[in-house]
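The block underneath contains the structure these notes are about, expressed in structure tokens.
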Amino acid sequence: MKERKMNYKVIDGVAYDEHGDALFLEENKKDYTLLVPTMLPIHFALLKQMLKEFGYSVELLESKGMEVAQTGLKYVHNDTCYPATLVIGQLMDAVLSGKYDTHKIALVISQTGGGCRASNYLFLLKKALKKAGLSYIPVLSFNFSGLDTQPGFRFTIPQFYNLAKCLLYGDLLMLLKNQCLPYEVNKGEADRLVQFWVEKLSNEFKDKKNLKYKHVKANFEPIVESFSKIELNVVPKPKVGIVGEIFVKYSPLGNNDLEDFLYREGAEVYVPGLLDFMLYCIYNNVIDYDFYGMKKIKAVVSKLIYKFLLKKEQDIIDAVKKSGKFVPPSLFDDTIKSRKGYISKGVKMGEGWLLTAEMIELVERGFGNIICTQPFGCLPNHIVGKGMMKEIRERNPEANIIAIDYDASASKINQENRIKLMLSNAKEKLLENKED
């Protein structure tokens with residue numbers, strides 16, 4: 001991918017574009033540190049190492065607590081969705097902490113490019129920096145939609161492919177950990193094994209031959225085999241699935257450590273993999289052509305990428321199935337089919353039809369106890385999440401679904417009390433089934 005030619009001016013050692021935004025140039029890679037908010041701990045630890053192999057110095061931000069949200073509220077209007085408040089709050093908290101030389105850092109923020117407010121995060125962060133007198137700090141957008149580019153932060157197709165390998169590893173490790181952790185005899189063994197593989201795979205990235213997909217695929221079975229050796233005491237536990245807006249679904253910061261809370265309450269947790277969300281975004285380009293008459297070439301290319309990644313997902317499924325000890329994820333083609341009769345594929349704002357499909361699929365997989373995590377006031381997800389619950393319950397009486405709103409003003413105690421009520425219903429059903 002060729003670097004774009006652009007005009008810029010340099011003021012006090014900082015390059016600015018024609019709009020007055022700070023630029024991250026190719027030469028900045030050698031002495032700048034990229035600050036990245038963490039969403040999925042396992043995946044992002046692997047992504048960090050991969051970005052290092054691309055020549056970037058990266059630090060993941062893992063600050064938690066209400067102070068992050070309060071910092072966000074100083075710089076973001078409280079009508080803006082909660083994920084923006086948290087992500088921008090976490091970045092601004094780091095920038096203002098005094099820990100970093102603000103002339104040697106750049107901030108990374110992801111954008112989906114969809115029709116919701118997530119497409120405005122980049123500009124909200126720039127506005128926050130300007131308000132704090134720090135507009136000389138470059139802001140880098142991690143997106144696949146061409147929303148914003150920087151001369152020194154551009155990836156080639158092979159590099160995107162290598163990032164996708166981190167995603168495959170991350171999904172597999174998350175799946176296996178979630179199936180072991182509630183039942184492990186030696187507490188902490190699953191977490192230690194995850195850390196072992198994150199370190200091992202990160203070291204492997206340093207040798208380019210280990211990035212060939214043949215080697216990546218060969219790693220799937222040893223990973224599964226290592227988790228199969230964990231001693232488990234499998235007793236009946238409530239099986240809980242987590243769906244919702246992508247940030248609060250995955251981020252411990254966004255959902256108040258929801259997974260840890262569920263484990264402490266004696267539940268087994270299932271969280272759909274990040275690959276499914278990526279496939280959803282890619283597949284939506286095909287839908288845009290079929291439903292809305294968008295460019296055919298984009299649909300054709302997207303369909304090829306979709307089929308390519310689907311084969312990689314099948315490789316993970318095959319490796320998990322081979323062990324005979326773990327339940328594999330569903331192929332995304334089956335996820336698409338599960339929403340049929342409930343919601344149109346044309347409903348694609350936010351998590352769109354995927355959120356509904358994931359709830360239905362979880363019920364079919366035996367995870368009928370579902371928590372739908374939603375930022376307060378997130379219109380798309382209230383429609384495809386909370387708005388679809390009645391229909392799902394009517395067709396699936398075993399479904400035990402609740403929607404939990406997450407916001408800076410929301411009470412964690414109230415959230416957990418509602419979840420405990422859902423879990424008590426789930427435990428009652430377990431007892432009834434045992435007596436039968």
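All residue names refer to the structure tokens as shown: chains lettered A, B, ... in order, residues numbered from 1 in each chain, ligands numbered from 1 in order.
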
Quiz item: If we count only C-alpha atoms, what is near stretch 322-329 of chain A at a cut-off of 10 Å, once residues fewer than 6 positions away on the same chain are taken out, given as a list of chain:residue names?
Solution: A:Asp171, A:Leu172, A:Leu175, A:Leu176, A:Gln179, A:Cys180, A:Glu221, A:Val224, A:Glu225, A:Phe227, A:Ser228, A:Lys229, A:Tyr270, A:Val271, A:Pro272, A:Gly273, A:Asp276, A:Glu313, A:Gln314, A:Ile316, A:Arg365

Quiz prompt | Residues within 12 Å of A:Ala45, only C-alpha atoms, excluding chain neighbours under 3 positions, as a PyMOL selection string | solution = chain A and resi 36-42+48-52+58-62+163+166-167+169-170+173+194-195+197-203

Preceding selection exported with N, CA and C atoms as a compact mmCIF listing (two decimals), in the first residue's frame:
```
# COMPACT_ATOMS: atom_id res chain seq x y z
N VAL A 36 -3.01 2.53 23.73
CA VAL A 36 -4.16 1.81 23.19
C VAL A 36 -5.09 1.37 24.33
N PRO A 37 -6.37 1.77 24.32
CA PRO A 37 -7.31 1.27 25.32
C PRO A 37 -7.54 -0.23 25.13
N THR A 38 -7.65 -0.96 26.22
CA THR A 38 -7.85 -2.41 26.14
C THR A 38 -9.34 -2.75 26.09
N MET A 39 -9.72 -3.65 25.18
CA MET A 39 -11.10 -4.11 25.14
C MET A 39 -11.17 -5.59 25.51
N LEU A 40 -10.44 -6.43 24.81
CA LEU A 40 -10.35 -7.85 25.14
C LEU A 40 -8.92 -8.13 25.61
N PRO A 41 -8.72 -8.44 26.88
CA PRO A 41 -7.37 -8.59 27.42
C PRO A 41 -6.49 -9.58 26.66
N ILE A 42 -7.02 -10.76 26.30
CA ILE A 42 -6.22 -11.77 25.62
C ILE A 42 -5.86 -11.30 24.21
N LYS A 48 -0.81 -6.28 20.64
CA LYS A 48 0.29 -5.41 21.06
C LYS A 48 1.61 -5.92 20.51
N GLN A 49 1.85 -7.22 20.66
CA GLN A 49 3.10 -7.78 20.17
C GLN A 49 3.18 -7.71 18.66
N MET A 50 2.05 -7.96 17.98
CA MET A 50 2.06 -7.90 16.52
C MET A 50 2.37 -6.48 16.05
N LEU A 51 1.80 -5.48 16.69
CA LEU A 51 2.08 -4.09 16.33
C LEU A 51 3.56 -3.76 16.55
N LYS A 52 4.16 -4.36 17.58
CA LYS A 52 5.59 -4.16 17.80
C LYS A 52 6.40 -4.71 16.64
N VAL A 58 4.15 0.07 21.74
CA VAL A 58 2.75 0.08 22.15
C VAL A 58 2.62 -0.14 23.65
N GLU A 59 1.70 0.60 24.27
CA GLU A 59 1.36 0.34 25.67
C GLU A 59 -0.17 0.24 25.78
N LEU A 60 -0.63 -0.84 26.39
CA LEU A 60 -2.06 -1.05 26.61
C LEU A 60 -2.47 -0.37 27.90
N LEU A 61 -3.58 0.35 27.85
CA LEU A 61 -4.10 1.03 29.03
C LEU A 61 -5.11 0.14 29.73
N GLU A 62 -4.91 -0.12 31.00
CA GLU A 62 -5.78 -1.02 31.73
C GLU A 62 -6.35 -0.38 33.00
N LEU A 163 -2.71 -9.50 11.66
CA LEU A 163 -3.55 -9.08 12.79
C LEU A 163 -4.72 -10.03 12.97
N CYS A 166 -3.93 -12.95 15.17
CA CYS A 166 -4.06 -12.66 16.61
C CYS A 166 -5.49 -12.87 17.05
N LEU A 167 -6.41 -12.46 16.19
CA LEU A 167 -7.83 -12.59 16.49
C LEU A 167 -8.22 -14.07 16.61
N TYR A 169 -6.20 -16.66 17.39
CA TYR A 169 -5.62 -17.16 18.63
C TYR A 169 -6.41 -16.68 19.84
N GLY A 170 -6.76 -15.40 19.84
CA GLY A 170 -7.48 -14.81 20.97
C GLY A 170 -8.83 -15.46 21.20
N LEU A 173 -8.30 -19.06 22.67
CA LEU A 173 -7.89 -19.03 24.08
C LEU A 173 -9.05 -18.60 24.98
N VAL A 194 -3.42 -19.52 29.83
CA VAL A 194 -3.64 -18.43 28.87
C VAL A 194 -2.40 -17.55 28.80
N GLN A 195 -1.86 -17.19 29.96
CA GLN A 195 -0.67 -16.33 30.00
C GLN A 195 0.52 -17.02 29.33
N TRP A 197 0.44 -19.19 26.86
CA TRP A 197 0.29 -19.17 25.41
C TRP A 197 0.42 -17.77 24.83
N VAL A 198 -0.06 -16.77 25.55
CA VAL A 198 0.10 -15.38 25.07
C VAL A 198 1.59 -15.05 24.95
N GLU A 199 2.38 -15.45 25.94
CA GLU A 199 3.82 -15.17 25.90
C GLU A 199 4.50 -15.99 24.81
N LYS A 200 4.12 -17.26 24.69
CA LYS A 200 4.74 -18.14 23.68
C LYS A 200 4.43 -17.65 22.27
N LEU A 201 3.16 -17.33 22.02
CA LEU A 201 2.77 -16.88 20.68
C LEU A 201 3.37 -15.52 20.37
N SER A 202 3.44 -14.66 21.37
CA SER A 202 4.04 -13.34 21.17
C SER A 202 5.51 -13.47 20.76
N ASN A 203 6.22 -14.40 21.39
CA ASN A 203 7.61 -14.63 21.02
C ASN A 203 7.73 -15.22 19.62
```

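Within stretch 182-361 of chain A, residues classed as strand (DSSP E or B) by DSSP on backbone coordinates are Glu184, Leu232, Lys239, Val240, Gly241, Ile242, Val243, Gly244, Glu268, Val269 and Tyr270 of chain A.
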
For the selection just defined, write its residues with C-alpha atoms to a file, as a short mmCIF file (atom, residue, chain, number, x, y, z; two decimals), in the first residue's frame.
```cif
data_model
loop_
_atom_site.label_atom_id
_atom_site.label_comp_id
_atom_site.auth_asym_id
_atom_site.auth_seq_id
_atom_site.Cartn_x
_atom_site.Cartn_y
_atom_site.Cartn_z
CA GLU A 184 -10.94 -26.24 37.44
CA LEU A 232 -11.88 -30.34 35.98
CA LYS A 239 -24.74 -21.45 31.68
CA VAL A 240 -24.75 -17.73 30.92
CA GLY A 241 -24.18 -16.09 27.54
CA ILE A 242 -23.12 -12.46 27.11
CA VAL A 243 -24.18 -10.40 24.10
CA GLY A 244 -24.58 -6.70 23.41
CA GLU A 268 -20.19 -20.88 33.26
CA VAL A 269 -19.83 -18.02 30.76
CA TYR A 270 -19.94 -18.03 26.97
#
```

Exercise. Point out the residue among A:Glu432, A:Asp12, A:Asp17, A:Glu27 with the least atom-to-atom distance to A:Pro236, counting only C-alpha atoms.
Key: A:Glu432

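Using only C-alpha atoms, the smallest distance between any of A:Ala94, A:Ala218, A:Leu124, A:Cys372 and A:Asp405 comes from A:Cys372.
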
Self-check item: Length of the atom CA of A:Lys206 to atom CA of A:Tyr56 vector [Å]
Solution: 13.4 Å

Practice problem: Find the spatial neighbours of A:Val347, counting only C-alpha atoms, within a cut-off of 10 Å - ignore same-chain residues fewer than 4 positions away - and output them as a count of residues only. | Solution: 10
